[in-house]
Amino acid sequence: MIPLAEARAYVLARAETLPAERVGIERALGLVLAEPVCSAEPIPAFANTAMDGYALQAADTRDAPVTLEVVGTIGAGYDGDLQVGAGQAARIMTGAPIPDGADAVVKVELTSPAAGSGDRVNVEASVKPGNHIRHPGEDVAAGETVLEAGTTVTPGRVGLLAAVGAYEVAAYRRPRVGVLSTGDELADSAAPLRRGQIRDTNRRTLLSLVAEAGCDGVDLGIARDQPEDIERAFRAGVADCDAVLSSGGVSMGDFDYVKVVLDQIGDMRWMQIAIKPAKPFAFGLVEGTPVFGLPGNPVSSMVSFELLAKPALRAMAGFAPADLGPATVRAVSDDDLGHRPDGKTHYVRVAATRDDQGVMHVARSGGQGSHQLAAMTRADGLAVVPDEAVVNAGDPVEVIVL
Ligand code: AMP
Ligand code: MG
C-alpha cells in the first residue's frame, strides 16, 4: 500500500491545466480567470443619489425647517440638464444623477409637501454637503484591476464583470469529464431486476459530483465485462473528453478487464492506497487524456472522487495548488472513531451537529460498509482517522466537508 499523499502527488503531476479560452459571462460561473479584468471607467460613472428624496444646496438647509421651490423630477436614467439654484430643490429617485448646482440629497422621509400654491417642499432637517451622494469611482476607479488572473468567478463577480462591460472573459476551460460504469451486473431502468443484477448508481453519482465540481459531465454509459466493449468505451471517452472517470473492474476479480484493457491502451499506474474505503485506484493517460479508474463500490467511488479525482479536475480547471481541496474543518467527535491497526487511514462517514456554543460535533452517520450508499448520503463529512490515531468521544477530529 502507498500513502494517499503519494497517489495524490502522482495524479496532480499529470493533471495539466487546460488551455484558456474566451467565454461569455453567462457560462463563466465557477471558472478561473486566465487574465486580469480591468475597468475602463469608474464605477459609479457619475455622482448619483443613494436615496429617494430631494437634491438641493446643503447651505439652504442650515436653518431647517425651510421651504424650497421644486424645479423638477429626476428619475434613474435621467440625462437632462436640470439646474438646482439657491432656494431650490429637485425631486430625485435612487440612482438618478445629481443635477448641476445641487451638492446634497435629503431623504424623502425628512420632507413634506408645502401648503399653498406652486410645487414647494418643506425640508425638516439640515444636511451636510455630500449627504447621500454616491461619488464617481467610489466602488471602482477608472483603470483599476477588478479581478486578478487566478480568481474564481462567483455570482457576485459575474455581476461585477457585467458592471465593467466585460461580457466575455479569458478563463481556463471547464473540464469535460466522461463517466463510465463497468459491469455485467448493472441495470439502468426501473424494470424489475433479474437475480444478480443491481442498478448502476455510480454513473449517476459521479456525473452529479462532476457537475457539482463545476465540470461538464459526459455520460459514457455502461461497458460490459468484455475487453472489446471496455476498450471501445474508453477510446470513445478519451477522444471526446478532457478526463474520463470509470468505476469498477479495478480490483482482483476474474472479470476485472478494465485493468487488462487500460494496460494495453494506456500508461497506467495501479495503486493500493492505504485508506479505507477506496483502497484500489488506478490513474494514467490514455492517448494523452487522464483516466481515473475508481473502485466499484458506491461509497468507495465517491470517496475516491473526493480525495483524488476532484483535486485533479480542479487543477485542470486552473485552481491554485492550495485550492484543490478537499476542504476540512475541525470538529469534536461524539463517538469513539479509532480502529484496529490495519495500516490504513479510515474515512468515517459522519453526520454533523452544532452545540449551544456553536462548536461542530460529529457522529457516525450509519453503516460504514463501502456498499452502503444510503448511510453515505446521511453523512455531512468524512472524519479522517489515521491508523495510529486515538479518537475517543470528546476528542477533536479533522473532517472533510462533503
Ligand atoms: P468491481 O470492482 O467491478 O468488482 O466492483 C466492486 C463492487 O462494486 C461490486 O459489488 C459491484 O457490483 C459494485 N459496482 C460496480 N460498479 C457499480 C456501479 N456502477 N453501481 C453500483 N455498484 C457498482
Ligand atoms: Mg465489476
# chains A, B, ... in the order shown; residues from 1 in each chain; ligands from 1
>>> residues_near_ligand(ligand="ligand 1", cutoff="8 Å", atoms="only C-alpha atoms and all ligand atoms", output="list in words")
Ser181, Thr182, Gly183, Glu185, Leu186, Ile198, Arg199, Asp200, Thr201, Asn202, Arg203, Ile222, Ser247, Gly248, Gly249, Val250, Ser251, Met252, Gly253, Phe255, Asp256, Pro295, Gly296, Asn297, Pro298 and His371 of chain A
>>> select_by_dssp(residues="range 218-279 of chain A", states="strand (DSSP E)", output="MDAnalysis selection string")
chainID A and resid 218:223 243:247 267:272 275:276
>>> residues_around(residues="Ala389 in chain A", least_positions_apart="4", cutoff="12 Å", atoms="only C-alpha atoms", output="list in words")
Asp336, Leu337, Gly338, His339, Arg340, Pro341, Asp342, Gly343, Lys344, Thr345, His346, Ala383, Val384, Val385, Asp395, Pro396, Val397 and Glu398 of chain A
>>> write_last_selection(atoms="all heavy atoms", output="short mmCIF file (atom, residue, chain, number, x, y, z; two decimals), in the first residue's frame")
data_model
loop_
_atom_site.label_atom_id
_atom_site.label_comp_id
_atom_site.auth_asym_id
_atom_site.auth_seq_id
_atom_site.Cartn_x
_atom_site.Cartn_y
_atom_site.Cartn_z
N ASP A 336 -16.40 7.12 19.66
CA ASP A 336 -15.04 6.59 19.54
C ASP A 336 -14.83 6.22 18.08
O ASP A 336 -15.59 5.42 17.54
CB ASP A 336 -14.87 5.32 20.40
CG ASP A 336 -14.98 5.62 21.89
OD1 ASP A 336 -14.77 6.79 22.28
OD2 ASP A 336 -15.28 4.68 22.65
N LEU A 337 -13.84 6.81 17.44
CA LEU A 337 -13.68 6.58 15.99
C LEU A 337 -12.42 5.78 15.66
O LEU A 337 -12.12 5.55 14.50
CB LEU A 337 -13.63 7.92 15.24
CG LEU A 337 -14.91 8.75 15.26
CD1 LEU A 337 -14.73 10.03 14.44
CD2 LEU A 337 -16.10 7.97 14.74
N GLY A 338 -11.70 5.36 16.68
CA GLY A 338 -10.47 4.62 16.38
C GLY A 338 -10.78 3.28 15.72
O GLY A 338 -11.92 2.83 15.69
N HIS A 339 -9.76 2.64 15.17
CA HIS A 339 -9.95 1.32 14.56
C HIS A 339 -8.75 0.45 14.89
O HIS A 339 -7.68 0.94 15.25
CB HIS A 339 -10.16 1.42 13.05
CG HIS A 339 -9.06 2.14 12.33
ND1 HIS A 339 -9.09 3.50 12.09
CD2 HIS A 339 -7.89 1.70 11.82
CE1 HIS A 339 -7.99 3.85 11.43
NE2 HIS A 339 -7.25 2.78 11.25
N ARG A 340 -8.95 -0.86 14.75
CA ARG A 340 -7.83 -1.78 14.93
C ARG A 340 -6.78 -1.47 13.88
O ARG A 340 -7.13 -1.28 12.71
CB ARG A 340 -8.30 -3.22 14.74
CG ARG A 340 -8.46 -3.92 16.08
CD ARG A 340 -8.63 -5.42 15.89
NE ARG A 340 -9.84 -5.84 16.57
CZ ARG A 340 -10.93 -6.28 15.96
NH1 ARG A 340 -10.96 -6.40 14.64
NH2 ARG A 340 -11.98 -6.60 16.65
N PRO A 341 -5.50 -1.41 14.25
CA PRO A 341 -4.46 -1.04 13.27
C PRO A 341 -4.52 -1.95 12.04
O PRO A 341 -4.53 -3.17 12.15
CB PRO A 341 -3.15 -1.26 14.04
CG PRO A 341 -3.52 -1.11 15.48
CD PRO A 341 -4.93 -1.62 15.60
N ASP A 342 -4.64 -1.35 10.86
CA ASP A 342 -4.64 -2.12 9.61
C ASP A 342 -3.80 -1.41 8.56
O ASP A 342 -3.90 -1.71 7.38
CB ASP A 342 -6.10 -2.32 9.12
CG ASP A 342 -6.80 -0.99 8.86
OD1 ASP A 342 -6.16 0.07 9.04
OD2 ASP A 342 -7.98 -1.01 8.49
N GLY A 343 -3.02 -0.43 9.01
CA GLY A 343 -2.14 0.28 8.08
C GLY A 343 -2.84 1.36 7.28
O GLY A 343 -2.22 2.02 6.45
N LYS A 344 -4.14 1.56 7.51
CA LYS A 344 -4.91 2.49 6.67
C LYS A 344 -5.46 3.67 7.46
O LYS A 344 -5.80 3.53 8.63
CB LYS A 344 -6.10 1.77 6.02
CG LYS A 344 -5.71 0.61 5.13
CD LYS A 344 -6.99 -0.02 4.59
CE LYS A 344 -6.72 -1.45 4.11
NZ LYS A 344 -7.98 -2.18 3.96
N THR A 345 -5.59 4.78 6.76
CA THR A 345 -6.35 5.91 7.29
C THR A 345 -7.81 5.65 6.96
O THR A 345 -8.14 5.38 5.79
CB THR A 345 -5.88 7.23 6.65
OG1 THR A 345 -4.52 7.45 7.04
CG2 THR A 345 -6.74 8.40 7.11
N HIS A 346 -8.66 5.73 7.95
CA HIS A 346 -10.09 5.49 7.70
C HIS A 346 -10.82 6.82 7.51
O HIS A 346 -10.54 7.79 8.21
CB HIS A 346 -10.72 4.72 8.87
CG HIS A 346 -10.27 3.28 8.92
ND1 HIS A 346 -11.06 2.26 9.38
CD2 HIS A 346 -9.09 2.71 8.54
CE1 HIS A 346 -10.40 1.12 9.29
NE2 HIS A 346 -9.20 1.36 8.79
N ALA A 383 -14.82 11.84 8.57
CA ALA A 383 -13.83 12.07 9.62
C ALA A 383 -12.56 11.33 9.25
O ALA A 383 -12.60 10.16 8.85
CB ALA A 383 -14.38 11.58 10.96
N VAL A 384 -11.44 12.01 9.35
CA VAL A 384 -10.15 11.45 8.94
C VAL A 384 -9.49 10.83 10.17
O VAL A 384 -9.11 11.55 11.10
CB VAL A 384 -9.24 12.54 8.34
CG1 VAL A 384 -7.94 11.92 7.85
CG2 VAL A 384 -9.96 13.28 7.21
N VAL A 385 -9.38 9.49 10.15
CA VAL A 385 -8.82 8.80 11.31
C VAL A 385 -7.59 7.99 10.88
O VAL A 385 -7.70 6.88 10.38
CB VAL A 385 -9.87 7.86 11.96
CG1 VAL A 385 -9.31 7.25 13.24
CG2 VAL A 385 -11.16 8.61 12.24
N ASP A 395 -12.93 13.88 21.73
CA ASP A 395 -11.66 14.31 21.13
C ASP A 395 -11.91 15.10 19.84
O ASP A 395 -12.92 14.88 19.15
CB ASP A 395 -10.79 13.10 20.77
CG ASP A 395 -10.17 12.45 22.00
OD1 ASP A 395 -10.22 13.07 23.08
OD2 ASP A 395 -9.65 11.33 21.86
N PRO A 396 -10.97 15.99 19.49
CA PRO A 396 -11.09 16.69 18.21
C PRO A 396 -10.74 15.75 17.05
O PRO A 396 -9.96 14.81 17.22
CB PRO A 396 -10.07 17.82 18.31
CG PRO A 396 -9.06 17.33 19.29
CD PRO A 396 -9.78 16.41 20.24
N VAL A 397 -11.36 16.00 15.90
CA VAL A 397 -11.07 15.20 14.72
C VAL A 397 -11.19 16.09 13.49
O VAL A 397 -11.96 17.05 13.47
CB VAL A 397 -12.04 13.97 14.64
CG1 VAL A 397 -13.48 14.41 14.39
CG2 VAL A 397 -11.60 12.98 13.58
N GLU A 398 -10.37 15.78 12.48
CA GLU A 398 -10.43 16.53 11.22
C GLU A 398 -11.52 15.91 10.34
O GLU A 398 -11.62 14.69 10.25
CB GLU A 398 -9.07 16.44 10.53
CG GLU A 398 -8.93 17.33 9.33
CD GLU A 398 -7.63 17.09 8.58
OE1 GLU A 398 -6.87 16.17 8.96
OE2 GLU A 398 -7.38 17.80 7.61
#
>>> closest_residue(among="A:Met302, A:Met316, A:Leu294, A:Leu207", to="ligand 2", atoms="only C-alpha atoms and all ligand atoms")
A:Leu294
>>> residues_around(residues="range 35-41 of chain A", least_positions_apart="5", cutoff="7 Å", atoms="only C-alpha atoms", output="PyMOL selection string")
chain A and resi 142-149+164+170
>>> write_last_selection(atoms="N, CA and C atoms", output="CSV table (one decimal), in the first residue's frame")
chain,number,residue,atom,x,y,z
A,142,ALA,N,-11.3,54.3,-12.3
A,142,ALA,CA,-11.0,54.1,-13.8
A,142,ALA,C,-9.6,53.4,-13.9
A,143,GLY,N,-9.5,52.4,-14.7
A,143,GLY,CA,-8.3,51.7,-14.9
A,143,GLY,C,-7.9,50.7,-13.9
A,144,GLU,N,-8.8,50.5,-12.8
A,144,GLU,CA,-8.5,49.6,-11.8
A,144,GLU,C,-8.7,48.1,-12.3
A,145,THR,N,-7.8,47.3,-11.7
A,145,THR,CA,-8.0,45.8,-12.0
A,145,THR,C,-9.0,45.3,-11.0
A,146,VAL,N,-10.2,44.9,-11.5
A,146,VAL,CA,-11.2,44.5,-10.6
A,146,VAL,C,-11.1,43.0,-10.2
A,147,LEU,N,-10.6,42.2,-11.1
A,147,LEU,CA,-10.4,40.8,-10.8
A,147,LEU,C,-9.0,40.4,-11.4
A,148,GLU,N,-8.2,39.7,-10.5
A,148,GLU,CA,-6.9,39.3,-10.9
A,148,GLU,C,-7.0,37.9,-11.6
A,149,ALA,N,-6.0,37.7,-12.4
A,149,ALA,CA,-5.9,36.3,-13.0
A,149,ALA,C,-5.8,35.3,-11.9
A,164,VAL,N,-18.5,46.2,-15.4
A,164,VAL,CA,-17.4,46.9,-16.1
A,164,VAL,C,-17.5,46.6,-17.6
A,170,ALA,N,-11.3,35.8,-20.5
A,170,ALA,CA,-10.4,34.7,-20.7
A,170,ALA,C,-10.4,33.9,-19.5
